[in-house]
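Visitor: Here's a structure for you.
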Amino acid sequence: MRLGLQLGYWQAQPPTNHAGLVAAADESGFDAIFTAEAWGSDAFTPLAWWGRETRNVRLGTSIVQMSGRTPTSIAMHALTLDHLSGGRMILGMGVSGPQVVEGWYGQPFAKPLARTREVVSIIRQVLAREGAVTNDGPHYPLPLRGEGATGLGKPLKPITHPLRADLPIWLGAEGPKNVAQTAEIADGWIPIFYTPGSAGMYQPWLDEGFARPGARRTRADFEIAATCHLEIVPDAAAKQAAIEAMKPFAALYMGGMGAKDANFHKQVFERMGYEELAGTVQELYLTGRKDEATALIPDALIEDMHIIGTEGEVKEKVAQWAETGVTTLMLSLRTPEEVRRIAELLA
């Protein structure tokens with residue numbers, strides 16, 4: 001199992017510690033660094049910036065919001081970064097949610113599975129460069145025809161020859177149909193809440209995708225890149241403090257992400273067996289009682305979602321994640337010293 005450094009997206013101001021984190025990851029054996037985006041900083045620009053300072057790590061987006069750019073624009077970003085980095089780009093994409101897609105990008109959210117399939121197909125055409133890129137689907141027609149079109153659109157293929165036709169495409173997916181489609185059409189999967197405790201739930205969904213005619217990968221060569229917070233602590237008291245510190249984030253995703261009836265993260269927790277808890281947490285969170293919502297998050301959930309413990313406990317838990325099929329563990333870490341310590345411990 002490989003290690004990835006999850007840099008995430010910027011908060012109110014640009015982070016000041018990423019240079020040290022990236023350098024430590026590049027020097028200590030981490031496989032990749034990953035950046036994200038919400039409705040502030042974008043995912044591609046930091047990779048271009050830090051990619052020039054690195055030589056070893058792969059450069060991944062976790063994730064790019066597909067509605068924020070046309071499929072061909074995403075492909076242009078990816079092939080450009082792949083050239084500049086010498087073939088180190090990983091293109092991680094996801095559909096986001098209706099509040100962001102329609103509220104921030106002004107695009108329709110409907111038919112996320114069909115849109116994802118079209119996006120992936122178009123990007124693969126660009127990267128293959130075997131002919132002009134066209135698409136007959138209703139979501140991203142190429143060339144554009146019909147109302148509002150001049151009729152002058154011409155099928156094109158990229159001027160720049162992509163470095164790799166098989167540049168890896170990983171998809172963020174949460175529900176059964178989306179996970180199955182990801183196993184069918186992608187090279188890897190970026191789950192948001194894949195844990196040792198929930199891993200069994202996902203296996204039939206993955207198997208359904210692998211079994212479809214024309215599936216791109218098999219379980220043997222498919223990537224699963226799971227995200228968690230990893231923290232080494234000296235004793236039980238410090239472990240409890242770290243667990244308590246992670247509970248507000250669980251409460252946020254369970255109760256405060258997305259609209260009340262369209263919180264896809266909450267639905268994952270429900271499938272994990274926390275349906276009653278998730279409903280209560282959401283009710284409290286959306287009425288401003290965030291502290292009460294956070295207090296309801298059980299220790300066991302945090303211990304399943306994250307890797308927190310002494311060095312021995314961390315090694316044991318990492319092995320448990322690997323046994324579930326995780327190929328890359330994306331870690332949120334705070335200091336270069338933590339990065340180097342984790343790399344040495346898990347080497």
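As shown in the structure tokens, the chain order sets the letters A, B, ...; within each chain, residues go from 1, and ligands are also counted from 1 in the order they appear.
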Pick out the residues sitting within 6 Å of segment 123-129 of chain A, and hand them over as a list in words; count only C-alpha atoms, and ignore anything fewer than 5 positions along from it in its own chain.
Guide: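 Contacts, with the query itself left out: Ala75, Pro162 and Ala165 of chain A.
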Visitor: Skip segment 41-54 of chain A itself and residues of its chain fewer than 6 positions away, then list as a list in words all residues within 7 Å of it, counting only C-alpha atoms.
Guide: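 After dropping sequence-adjacent residues, the list is Tyr9, Trp10, Ala23, Asp26, Thr35, Thr61, Val64, Leu81 and Ser85 of chain A.
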Visitor: Counting only C-alpha atoms, what is within 10 Å of Ile169 of chain A, bar same-chain residues fewer than 5 positions away, as a PyMOL selection string?
Guide: chain A and resi 60-61+78+89-93+120+123-124+182+185-189+223
Visitor: So, counting only C-alpha atoms, which residue among A:Ile232, A:Ile63, A:Leu144, A:Ala220 is closest to Arg334 of chain A?
Guide: A:Ile232
Visitor: Quick one: of A:Ile190, A:Ala149, A:Ala319, A:Leu277, who's nearest to Gln6 of chain A, counting only C-alpha atoms?
Guide: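 Closest to Gln6 of chain A of all the choices is A:Ile190.
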Visitor: Would you please work out which residue, of A:Tyr274, A:Trp321, A:Phe269, A:Phe210, is nearest to Gly175 of chain A when using only C-alpha atoms?
Guide: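 Counting only C-alpha atoms, the residue closest to Gly175 of chain A is A:Phe269.
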